[in-house]
Amino acid sequence: MTDQRGGPVDESCVLPEGPWTHRFVGANGSRFHVVEAGTGPMVLFLHGFPEYWYAWREMLPAVADAGFRAVAVDLRGYGASDKPPRGYDGYTLAADVAGLIRALGERSATLVGSGAGGLIAWTAASFHPTLVRRLVVLGAPHPLRLRAAIFADPRGQFTASTPTLKFQLPRYEHVLTRDDAAEVEAMLRRWGGPRWVNGPDFEAYARCCRVAMQIPQAAFCAMEGYRWAFRSVLRLHGYRFVRLMQKPLVTPTLQLHGALDRASLPRTAQGSGRYVTAPYEWRLLDGVGHFPHVEARDLVLGEILRWTKS
C-alpha cells in the first residue's frame, strides 16, 4: 500500500500541522491519538466510517474560538490510535470514550458523534451518563432503532445497510483497500449528498480518507465494530446490550439528520427521541446526506454551539 507520494502508508499521514495540537493519550488500556484546540468546557468529537479525526478539521478551530476545548479523536482501530485485534464491541467502545474524558482531565464533556461515532456517542451517554453533559448526534439513529429497522424494514434500512453487512465476509478488508482504497471513495459518494459529492472539496477529502484506511490494520479494525453489531444479535452479550440500551437517556440530546442519508435512513432515525427523557430536539437537514459535518459545516457548527451553550 502506498500513499500519493509513492511510499508505504504509515500513521504520519494523519498528523498534518494546523491550528491544533496532536497528542497521544492512554485510556481504557489503549493509546489514542487526539487533536485539540482551545480552552474551556470540552467538546469531544467522534468521527464515523470511513473517516478519521480529520472529519472535524474545520470544526476544531471554530469551536475553540467560541470558548471551548475542542478535541477530536481517532477511534480505536483508526488513524494513529492503537489497533488491537479486539475491543470493538459496544461496551468497550463506550468505555473508550469514558476513559478519554477522564484521561483528558475532564469531569464531563459534550459529545458530538457522526455515523458510527454517533452510535458510540448514544451508547456512551447511556452507559456513562454522568460523563456526558450534552449529546449531539449526526446521521446516527439510536442503536436500538437501527437494529430494529434492519429486521423490520427489508426494502429500506436492510437494503441501505447492505454495504456494511458485506463486512461479515472474511478478509473483506482487502476489498476495502485494493486499488488504492477506491471503495472508500465509492462509499463516500454513495452516502454523501449530491451537492457535496459534486462540489469542489470532495476529491481532496476522499483522498485523505482513502490514504488513512490504508494504514496497516486500519481497514480490518474499522470493520470489526460492524461485525460485532451483527454477530451480537445471536449472542448473550448482545441481548444484554439491548437490555442496557433500553434505559432512557438523561442527557439533553440534539439529533441532526440528512434528508438524503442513504446509509442511515431518516425514517430509521426518526423516533430515536423515545429513548431520551431529557430535553430532545430533532432536525432534518434538506439536501444533506450521511456526512452533515462536512456537507453543511456552517449549519452544523451553529447547531453544535447553540446546543452546547444552552
# chains A, B, ... in the order shown; residues from 1 in each chain; ligands from 1
call {"tool": "residues_around", "arguments": {"residues": "segment 88-90 of chain A", "least_positions_apart": "6", "cutoff": "7 Å", "atoms": "only C-alpha atoms", "output": "JSON, numbers by chain"}}
result
{"A": [224, 225, 228]}
call {"tool": "write_last_selection", "arguments": {"atoms": "N, CA and C atoms", "output": "short mmCIF file (atom, residue, chain, number, x, y, z; two decimals), in the first residue's frame"}}
result
data_model
loop_
_atom_site.label_atom_id
_atom_site.label_comp_id
_atom_site.auth_asym_id
_atom_site.auth_seq_id
_atom_site.Cartn_x
_atom_site.Cartn_y
_atom_site.Cartn_z
N GLU A 224 -14.52 -4.20 12.34
CA GLU A 224 -14.80 -5.08 13.47
C GLU A 224 -16.03 -4.64 14.27
N GLY A 225 -16.24 -3.32 14.40
CA GLY A 225 -17.41 -2.85 15.12
C GLY A 225 -18.70 -3.28 14.45
N TRP A 228 -19.17 -7.02 15.07
CA TRP A 228 -19.72 -7.30 16.41
C TRP A 228 -21.21 -7.01 16.44
#
call {"tool": "residues_around", "arguments": {"residues": "segment 122-130 of chain A", "least_positions_apart": "5", "cutoff": "8 Å", "atoms": "only C-alpha atoms", "output": "VMD selection string"}}
result
chain A and resid 90 to 91 93 to 95 97 to 98 108 135 137 142 to 143 244 to 245 247 to 251
call {"tool": "write_last_selection", "arguments": {"atoms": "all heavy atoms", "output": "short mmCIF file (atom, residue, chain, number, x, y, z; two decimals), in the first residue's frame"}}
result
data_model
loop_
_atom_site.label_atom_id
_atom_site.label_comp_id
_atom_site.auth_asym_id
_atom_site.auth_seq_id
_atom_site.Cartn_x
_atom_site.Cartn_y
_atom_site.Cartn_z
N GLY A 90 -19.76 -2.83 21.63
CA GLY A 90 -20.36 -1.59 22.10
C GLY A 90 -19.93 -1.19 23.49
O GLY A 90 -19.73 0.01 23.77
N TYR A 91 -19.73 -2.17 24.37
CA TYR A 91 -19.32 -1.87 25.74
C TYR A 91 -17.94 -1.22 25.78
O TYR A 91 -17.73 -0.19 26.43
CB TYR A 91 -19.26 -3.16 26.58
CG TYR A 91 -20.51 -3.98 26.58
CD1 TYR A 91 -20.62 -5.09 25.75
CD2 TYR A 91 -21.57 -3.69 27.44
CE1 TYR A 91 -21.76 -5.87 25.75
CE2 TYR A 91 -22.72 -4.47 27.45
CZ TYR A 91 -22.81 -5.57 26.59
OH TYR A 91 -23.94 -6.34 26.60
N LEU A 93 -16.18 0.21 23.28
CA LEU A 93 -16.09 1.49 22.57
C LEU A 93 -16.67 2.63 23.42
O LEU A 93 -16.12 3.74 23.43
CB LEU A 93 -16.83 1.39 21.23
CG LEU A 93 -16.19 0.43 20.21
CD1 LEU A 93 -17.10 0.27 18.99
CD2 LEU A 93 -14.80 0.91 19.78
N ALA A 94 -17.75 2.35 24.16
CA ALA A 94 -18.30 3.36 25.07
C ALA A 94 -17.33 3.63 26.22
O ALA A 94 -17.16 4.79 26.64
CB ALA A 94 -19.65 2.90 25.61
N ALA A 95 -16.67 2.58 26.71
CA ALA A 95 -15.69 2.74 27.78
C ALA A 95 -14.47 3.51 27.30
O ALA A 95 -13.83 4.23 28.09
CB ALA A 95 -15.28 1.38 28.33
N VAL A 97 -14.58 6.05 25.29
CA VAL A 97 -14.99 7.46 25.37
C VAL A 97 -14.94 7.94 26.81
O VAL A 97 -14.40 9.02 27.12
CB VAL A 97 -16.39 7.66 24.77
CG1 VAL A 97 -16.88 9.09 24.98
CG2 VAL A 97 -16.39 7.31 23.29
N ALA A 98 -15.49 7.13 27.71
CA ALA A 98 -15.47 7.49 29.13
C ALA A 98 -14.04 7.64 29.63
O ALA A 98 -13.70 8.60 30.35
CB ALA A 98 -16.21 6.43 29.95
N SER A 108 -16.60 15.93 32.68
CA SER A 108 -17.68 15.65 31.73
C SER A 108 -17.37 16.39 30.43
O SER A 108 -16.47 17.24 30.38
CB SER A 108 -19.04 16.10 32.28
OG SER A 108 -19.06 17.51 32.44
N LEU A 135 -25.35 15.93 24.30
CA LEU A 135 -25.12 14.98 23.21
C LEU A 135 -25.62 15.59 21.91
O LEU A 135 -26.74 16.09 21.84
CB LEU A 135 -25.84 13.67 23.51
CG LEU A 135 -25.76 12.54 22.47
CD1 LEU A 135 -24.31 12.07 22.31
CD2 LEU A 135 -26.65 11.38 22.90
N VAL A 137 -25.87 14.26 17.91
CA VAL A 137 -25.72 13.07 17.06
C VAL A 137 -26.04 13.43 15.62
O VAL A 137 -27.08 14.03 15.34
CB VAL A 137 -26.66 11.94 17.54
CG1 VAL A 137 -26.47 10.71 16.68
CG2 VAL A 137 -26.41 11.60 19.00
N HIS A 142 -30.69 6.03 17.11
CA HIS A 142 -30.39 5.30 18.34
C HIS A 142 -30.11 3.85 17.96
O HIS A 142 -30.77 3.27 17.08
CB HIS A 142 -31.60 5.38 19.29
CG HIS A 142 -31.34 4.81 20.64
ND1 HIS A 142 -31.40 3.45 20.88
CD2 HIS A 142 -31.01 5.39 21.82
CE1 HIS A 142 -31.12 3.23 22.16
NE2 HIS A 142 -30.88 4.39 22.75
N PRO A 143 -29.09 3.21 18.58
CA PRO A 143 -28.73 1.84 18.18
C PRO A 143 -29.89 0.85 18.16
O PRO A 143 -29.94 -0.04 17.30
CB PRO A 143 -27.68 1.44 19.23
CG PRO A 143 -27.05 2.74 19.62
CD PRO A 143 -28.16 3.76 19.59
N LEU A 244 -29.59 -3.08 28.32
CA LEU A 244 -28.98 -1.88 28.93
C LEU A 244 -29.33 -0.62 28.14
O LEU A 244 -29.56 0.44 28.72
CB LEU A 244 -27.46 -2.05 29.02
CG LEU A 244 -26.95 -3.07 30.05
CD1 LEU A 244 -25.46 -3.32 29.85
CD2 LEU A 244 -27.23 -2.60 31.46
N MET A 245 -29.38 -0.74 26.82
CA MET A 245 -29.66 0.42 25.98
C MET A 245 -31.12 0.87 26.07
O MET A 245 -31.46 1.97 25.65
CB MET A 245 -29.30 0.13 24.52
CG MET A 245 -27.80 0.10 24.23
SD MET A 245 -26.94 1.67 24.60
CE MET A 245 -27.72 2.77 23.43
N LYS A 247 -32.63 1.56 28.73
CA LYS A 247 -32.73 2.54 29.80
C LYS A 247 -32.73 3.94 29.20
O LYS A 247 -31.83 4.29 28.43
CB LYS A 247 -31.55 2.37 30.77
CG LYS A 247 -31.61 3.30 31.97
CD LYS A 247 -30.41 3.04 32.88
CE LYS A 247 -30.41 3.99 34.07
NZ LYS A 247 -29.20 3.80 34.92
N PRO A 248 -33.71 4.79 29.51
CA PRO A 248 -33.80 6.10 28.86
C PRO A 248 -32.60 7.00 29.16
O PRO A 248 -32.06 6.99 30.27
CB PRO A 248 -35.09 6.70 29.45
CG PRO A 248 -35.87 5.53 29.95
CD PRO A 248 -34.85 4.52 30.39
N LEU A 249 -32.21 7.79 28.17
CA LEU A 249 -31.10 8.72 28.34
C LEU A 249 -31.54 9.93 29.16
O LEU A 249 -32.62 10.47 28.95
CB LEU A 249 -30.63 9.23 26.96
CG LEU A 249 -29.33 8.63 26.42
CD1 LEU A 249 -29.58 7.19 26.00
CD2 LEU A 249 -28.85 9.43 25.22
N VAL A 250 -30.65 10.38 30.04
CA VAL A 250 -30.92 11.56 30.86
C VAL A 250 -30.06 12.74 30.39
O VAL A 250 -29.96 13.75 31.08
CB VAL A 250 -30.67 11.27 32.35
CG1 VAL A 250 -31.65 10.22 32.86
CG2 VAL A 250 -29.22 10.80 32.59
N THR A 251 -29.44 12.61 29.22
CA THR A 251 -28.58 13.65 28.65
C THR A 251 -29.36 14.46 27.61
O THR A 251 -29.94 13.87 26.70
CB THR A 251 -27.35 13.01 27.97
OG1 THR A 251 -26.65 12.20 28.90
CG2 THR A 251 -26.41 14.08 27.43
#
call {"tool": "residues_around", "arguments": {"residues": "His33 of chain A", "least_positions_apart": "3", "cutoff": "10 Å", "atoms": "only C-alpha atoms", "output": "PyMOL selection string"}}
result
chain A and resi 14-15+22-26+53+72-76+78-82
call {"tool": "write_last_selection", "arguments": {"atoms": "N, CA and C atoms", "output": "short mmCIF file (atom, residue, chain, number, x, y, z; two decimals), in the first residue's frame"}}
result
data_model
loop_
_atom_site.label_atom_id
_atom_site.label_comp_id
_atom_site.auth_asym_id
_atom_site.auth_seq_id
_atom_site.Cartn_x
_atom_site.Cartn_y
_atom_site.Cartn_z
N VAL A 14 -1.80 11.01 8.98
CA VAL A 14 -2.95 11.58 9.68
C VAL A 14 -2.51 12.60 10.74
N LEU A 15 -1.28 13.10 10.60
CA LEU A 15 -0.73 14.05 11.58
C LEU A 15 -0.39 15.40 10.94
N HIS A 22 -1.44 17.90 18.30
CA HIS A 22 -1.56 16.44 18.31
C HIS A 22 -1.03 15.89 19.63
N ARG A 23 -1.76 14.95 20.22
CA ARG A 23 -1.33 14.30 21.46
C ARG A 23 -1.68 12.82 21.40
N PHE A 24 -1.01 12.05 22.26
CA PHE A 24 -1.35 10.64 22.43
C PHE A 24 -1.71 10.43 23.89
N VAL A 25 -2.87 9.83 24.12
CA VAL A 25 -3.43 9.70 25.47
C VAL A 25 -3.77 8.24 25.73
N GLY A 26 -3.39 7.75 26.89
CA GLY A 26 -3.74 6.39 27.30
C GLY A 26 -5.11 6.38 27.97
N TRP A 53 -10.15 11.38 12.44
CA TRP A 53 -10.32 12.66 13.15
C TRP A 53 -10.46 13.85 12.22
N ALA A 72 -10.79 16.22 18.94
CA ALA A 72 -11.20 15.15 18.02
C ALA A 72 -10.28 13.96 18.23
N VAL A 73 -10.83 12.77 18.18
CA VAL A 73 -10.06 11.56 18.46
C VAL A 73 -10.12 10.63 17.26
N ASP A 74 -9.03 9.92 17.01
CA ASP A 74 -9.09 8.74 16.14
C ASP A 74 -9.63 7.60 17.00
N LEU A 75 -10.79 7.08 16.63
CA LEU A 75 -11.38 5.99 17.39
C LEU A 75 -10.46 4.76 17.38
N ARG A 76 -10.68 3.87 18.32
CA ARG A 76 -9.94 2.61 18.37
C ARG A 76 -9.90 1.97 16.98
N TYR A 78 -8.52 3.21 14.23
CA TYR A 78 -8.43 4.16 13.12
C TYR A 78 -7.20 5.06 13.26
N GLY A 79 -6.79 5.63 12.13
CA GLY A 79 -5.77 6.69 12.13
C GLY A 79 -4.51 6.30 12.87
N ALA A 80 -4.12 7.15 13.82
CA ALA A 80 -2.89 6.92 14.59
C ALA A 80 -3.16 6.34 15.96
N SER A 81 -4.41 5.96 16.25
CA SER A 81 -4.71 5.29 17.52
C SER A 81 -4.34 3.82 17.45
N ASP A 82 -4.26 3.17 18.63
CA ASP A 82 -3.93 1.75 18.68
C ASP A 82 -4.93 0.92 17.87
#
call {"tool": "residues_around", "arguments": {"residues": "Leu144 of chain A", "least_positions_apart": "2", "cutoff": "9 Å", "atoms": "only C-alpha atoms", "output": "MDAnalysis selection string"}}
result
chainID A and resid 141:142 146:149 242 245:246 272
call {"tool": "write_last_selection", "arguments": {"atoms": "C-alpha atoms", "output": "PDB file, in the first residue's frame"}}
result
ATOM      1  CA  PRO A 141     -30.242   6.561  14.777  1.00  0.00           C
ATOM      2  CA  HIS A 142     -30.394   5.303  18.340  1.00  0.00           C
ATOM      3  CA  LEU A 146     -31.183   0.880  13.808  1.00  0.00           C
ATOM      4  CA  ARG A 147     -31.204  -2.730  14.972  1.00  0.00           C
ATOM      5  CA  ALA A 148     -34.997  -2.946  14.781  1.00  0.00           C
ATOM      6  CA  ALA A 149     -35.191  -1.277  11.337  1.00  0.00           C
ATOM      7  CA  VAL A 242     -30.074  -4.306  24.157  1.00  0.00           C
ATOM      8  CA  MET A 245     -29.660   0.425  25.978  1.00  0.00           C
ATOM      9  CA  GLN A 246     -33.393   0.399  26.745  1.00  0.00           C
ATOM     10  CA  SER A 272     -34.943   7.922  18.462  1.00  0.00           C
TER      11      SER A 272
END
call {"tool": "residues_around", "arguments": {"residues": "Gly287 of chain A", "least_positions_apart": "2", "cutoff": "8 Å", "atoms": "only C-alpha atoms", "output": "ChimeraX atom specification"}}
result
/A:193-195,258-260,285,289
call {"tool": "atom_distance", "arguments": {"atom1": "atom CA of Arg283 of chain A", "atom2": "atom CA of Val63 of chain A"}}
result
20.5 Å
call {"tool": "select_by_dssp", "arguments": {"residues": "segment 34-181 of chain A", "states": "helix (DSSP H, G or I)", "output": "VMD selection string"}}
result
chain A and resid 53 to 56 59 to 65 90 to 103 116 to 127 129 to 131 143 to 152 154 to 160 162 to 168 173 to 181
call {"tool": "closest_residue", "arguments": {"among": "A:Gly87, A:Gly40, A:Gly18, A:Pro279", "to": "Phe68 of chain A", "atoms": "only C-alpha atoms"}}
result
A:Gly40
call {"tool": "residues_around", "arguments": {"residues": "Tyr172 of chain A", "least_positions_apart": "5", "cutoff": "9 Å", "atoms": "only C-alpha atoms", "output": "count of residues only"}}
result
6
call {"tool": "residues_around", "arguments": {"residues": "segment 41-43 of chain A", "least_positions_apart": "4", "cutoff": "6 Å", "atoms": "only C-alpha atoms", "output": "NGL selection string"}}
result
:A and (68-70 or 109-111)
call {"tool": "closest_residue", "arguments": {"among": "A:Ala186, A:Leu176, A:Ala218, A:Ala278", "to": "Pro84 of chain A", "atoms": "only C-alpha atoms"}}
result
A:Ala218
call {"tool": "select_by_dssp", "arguments": {"residues": "segment 36-108 of chain A", "states": "strand (DSSP E or B)", "output": "PyMOL selection string"}}
result
chain A and resi 36-37+42-46+69-73
call {"tool": "closest_residue", "arguments": {"among": "A:Gly115, A:Pro16, A:Pro216, A:Pro200", "to": "His174 of chain A", "atoms": "only C-alpha atoms"}}
result
A:Pro216
call {"tool": "atom_distance", "arguments": {"atom1": "atom CA of Pro252 of chain A", "atom2": "atom CA of Leu301 of chain A"}}
result
17.4 Å
call {"tool": "atom_distance", "arguments": {"atom1": "atom CA of Leu236 of chain A", "atom2": "atom CA of Gln168 of chain A"}}
result
19.1 Å
call {"tool": "closest_residue", "arguments": {"among": "A:Val175, A:Cys209, A:Leu234, A:Ala152", "to": "Gly48 of chain A", "atoms": "only C-alpha atoms"}}
result
A:Cys209
call {"tool": "decode", "arguments": {"residues": "segment 65-168 of chain A", "atoms": "C-alpha atoms", "output": "PDB file, in the first residue's frame"}}
result
ATOM      1  CA  ASP A  65     -12.777  30.318  19.038  1.00  0.00           C
ATOM      2  CA  ALA A  66     -16.226  30.091  20.644  1.00  0.00           C
ATOM      3  CA  GLY A  67     -14.646  29.425  24.047  1.00  0.00           C
ATOM      4  CA  PHE A  68     -14.426  25.643  24.233  1.00  0.00           C
ATOM      5  CA  ARG A  69     -11.759  22.968  24.393  1.00  0.00           C
ATOM      6  CA  ALA A  70     -12.363  21.158  21.111  1.00  0.00           C
ATOM      7  CA  VAL A  71     -10.958  17.622  20.909  1.00  0.00           C
ATOM      8  CA  ALA A  72     -11.198  15.152  18.021  1.00  0.00           C
ATOM      9  CA  VAL A  73     -10.056  11.563  18.457  1.00  0.00           C
ATOM     10  CA  ASP A  74      -9.085   8.742  16.144  1.00  0.00           C
ATOM     11  CA  LEU A  75     -11.377   5.986  17.393  1.00  0.00           C
ATOM     12  CA  ARG A  76      -9.943   2.608  18.375  1.00  0.00           C
ATOM     13  CA  GLY A  77      -8.537   0.990  15.233  1.00  0.00           C
ATOM     14  CA  TYR A  78      -8.431   4.160  13.119  1.00  0.00           C
ATOM     15  CA  GLY A  79      -5.772   6.687  12.130  1.00  0.00           C
ATOM     16  CA  ALA A  80      -2.894   6.923  14.586  1.00  0.00           C
ATOM     17  CA  SER A  81      -4.711   5.293  17.521  1.00  0.00           C
ATOM     18  CA  ASP A  82      -3.926   1.749  18.677  1.00  0.00           C
ATOM     19  CA  LYS A  83      -5.271  -1.092  16.549  1.00  0.00           C
ATOM     20  CA  PRO A  84      -5.717  -4.050  18.921  1.00  0.00           C
ATOM     21  CA  PRO A  85      -7.292  -7.206  17.439  1.00  0.00           C
ATOM     22  CA  ARG A  86     -10.331  -6.972  19.739  1.00  0.00           C
ATOM     23  CA  GLY A  87     -12.350  -4.486  21.751  1.00  0.00           C
ATOM     24  CA  TYR A  88     -14.803  -3.347  19.065  1.00  0.00           C
ATOM     25  CA  ASP A  89     -17.945  -4.288  20.981  1.00  0.00           C
ATOM     26  CA  GLY A  90     -20.364  -1.587  22.098  1.00  0.00           C
ATOM     27  CA  TYR A  91     -19.321  -1.871  25.744  1.00  0.00           C
ATOM     28  CA  THR A  92     -15.607  -1.318  25.084  1.00  0.00           C
ATOM     29  CA  LEU A  93     -16.093   1.492  22.568  1.00  0.00           C
ATOM     30  CA  ALA A  94     -18.298   3.362  25.069  1.00  0.00           C
ATOM     31  CA  ALA A  95     -15.693   2.744  27.782  1.00  0.00           C
ATOM     32  CA  ASP A  96     -13.030   4.197  25.446  1.00  0.00           C
ATOM     33  CA  VAL A  97     -14.986   7.461  25.371  1.00  0.00           C
ATOM     34  CA  ALA A  98     -15.471   7.493  29.133  1.00  0.00           C
ATOM     35  CA  GLY A  99     -11.766   6.772  29.658  1.00  0.00           C
ATOM     36  CA  LEU A 100     -10.754   9.537  27.245  1.00  0.00           C
ATOM     37  CA  ILE A 101     -12.851  12.151  29.046  1.00  0.00           C
ATOM     38  CA  ARG A 102     -11.159  11.234  32.329  1.00  0.00           C
ATOM     39  CA  ALA A 103      -7.678  10.895  30.793  1.00  0.00           C
ATOM     40  CA  LEU A 104      -8.006  14.374  29.311  1.00  0.00           C
ATOM     41  CA  GLY A 105      -8.585  15.694  32.832  1.00  0.00           C
ATOM     42  CA  GLU A 106     -12.290  16.463  32.499  1.00  0.00           C
ATOM     43  CA  ARG A 107     -15.259  15.505  34.655  1.00  0.00           C
ATOM     44  CA  SER A 108     -17.675  15.654  31.729  1.00  0.00           C
ATOM     45  CA  ALA A 109     -17.897  16.683  28.076  1.00  0.00           C
ATOM     46  CA  THR A 110     -20.324  17.487  25.311  1.00  0.00           C
ATOM     47  CA  LEU A 111     -20.170  14.554  22.878  1.00  0.00           C
ATOM     48  CA  VAL A 112     -20.568  15.103  19.131  1.00  0.00           C
ATOM     49  CA  GLY A 113     -20.702  11.903  17.113  1.00  0.00           C
ATOM     50  CA  SER A 114     -21.286  11.259  13.413  1.00  0.00           C
ATOM     51  CA  GLY A 115     -22.324   7.985  11.782  1.00  0.00           C
ATOM     52  CA  ALA A 116     -20.607   5.088  13.551  1.00  0.00           C
ATOM     53  CA  GLY A 117     -19.228   7.656  16.012  1.00  0.00           C
ATOM     54  CA  GLY A 118     -22.785   8.759  16.653  1.00  0.00           C
ATOM     55  CA  LEU A 119     -23.777   5.207  17.581  1.00  0.00           C
ATOM     56  CA  ILE A 120     -20.860   5.145  20.030  1.00  0.00           C
ATOM     57  CA  ALA A 121     -21.956   8.534  21.399  1.00  0.00           C
ATOM     58  CA  TRP A 122     -25.502   7.235  22.036  1.00  0.00           C
ATOM     59  CA  THR A 123     -24.011   4.257  23.875  1.00  0.00           C
ATOM     60  CA  ALA A 124     -21.504   6.294  25.908  1.00  0.00           C
ATOM     61  CA  ALA A 125     -24.276   8.661  27.053  1.00  0.00           C
ATOM     62  CA  SER A 126     -26.413   5.678  28.021  1.00  0.00           C
ATOM     63  CA  PHE A 127     -23.719   3.726  29.886  1.00  0.00           C
ATOM     64  CA  HIS A 128     -21.829   6.694  31.401  1.00  0.00           C
ATOM     65  CA  PRO A 129     -24.451   9.447  31.881  1.00  0.00           C
ATOM     66  CA  THR A 130     -22.503  11.452  34.465  1.00  0.00           C
ATOM     67  CA  LEU A 131     -19.647  11.984  31.983  1.00  0.00           C
ATOM     68  CA  VAL A 132     -21.756  13.253  29.082  1.00  0.00           C
ATOM     69  CA  ARG A 133     -23.056  16.766  29.672  1.00  0.00           C
ATOM     70  CA  ARG A 134     -24.782  17.155  26.310  1.00  0.00           C
ATOM     71  CA  LEU A 135     -25.115  14.984  23.214  1.00  0.00           C
ATOM     72  CA  VAL A 136     -25.161  15.926  19.519  1.00  0.00           C
ATOM     73  CA  VAL A 137     -25.721  13.065  17.064  1.00  0.00           C
ATOM     74  CA  LEU A 138     -25.286  13.376  13.283  1.00  0.00           C
ATOM     75  CA  GLY A 139     -26.501  10.720  10.850  1.00  0.00           C
ATOM     76  CA  ALA A 140     -26.977   8.081  13.547  1.00  0.00           C
ATOM     77  CA  PRO A 141     -30.242   6.561  14.777  1.00  0.00           C
ATOM     78  CA  HIS A 142     -30.394   5.303  18.340  1.00  0.00           C
ATOM     79  CA  PRO A 143     -28.729   1.840  18.177  1.00  0.00           C
ATOM     80  CA  LEU A 144     -31.989   0.083  19.052  1.00  0.00           C
ATOM     81  CA  ARG A 145     -33.855   1.953  16.297  1.00  0.00           C
ATOM     82  CA  LEU A 146     -31.183   0.880  13.808  1.00  0.00           C
ATOM     83  CA  ARG A 147     -31.204  -2.730  14.972  1.00  0.00           C
ATOM     84  CA  ALA A 148     -34.997  -2.946  14.781  1.00  0.00           C
ATOM     85  CA  ALA A 149     -35.191  -1.277  11.337  1.00  0.00           C
ATOM     86  CA  ILE A 150     -32.644  -3.642   9.753  1.00  0.00           C
ATOM     87  CA  PHE A 151     -35.006  -6.538  10.505  1.00  0.00           C
ATOM     88  CA  ALA A 152     -38.373  -4.760  10.189  1.00  0.00           C
ATOM     89  CA  ASP A 153     -37.678  -2.690   7.029  1.00  0.00           C
ATOM     90  CA  PRO A 154     -36.173  -5.095   4.454  1.00  0.00           C
ATOM     91  CA  ARG A 155     -36.670  -2.784   1.463  1.00  0.00           C
ATOM     92  CA  GLY A 156     -35.438   0.231   3.411  1.00  0.00           C
ATOM     93  CA  GLN A 157     -32.822   0.043   6.158  1.00  0.00           C
ATOM     94  CA  PHE A 158     -31.770  -3.552   5.450  1.00  0.00           C
ATOM     95  CA  THR A 159     -31.026  -2.635   1.815  1.00  0.00           C
ATOM     96  CA  ALA A 160     -29.306   0.580   2.924  1.00  0.00           C
ATOM     97  CA  SER A 161     -27.130  -1.448   5.306  1.00  0.00           C
ATOM     98  CA  THR A 162     -26.056  -3.988   2.669  1.00  0.00           C
ATOM     99  CA  PRO A 163     -22.593  -2.414   2.093  1.00  0.00           C
ATOM    100  CA  THR A 164     -21.741  -2.788   5.791  1.00  0.00           C
ATOM    101  CA  LEU A 165     -23.352  -6.235   6.054  1.00  0.00           C
ATOM    102  CA  LYS A 166     -20.733  -7.326   3.497  1.00  0.00           C
ATOM    103  CA  PHE A 167     -18.124  -6.650   6.192  1.00  0.00           C
ATOM    104  CA  GLN A 168     -19.098 -10.025   7.669  1.00  0.00           C
TER     105      GLN A 168
END
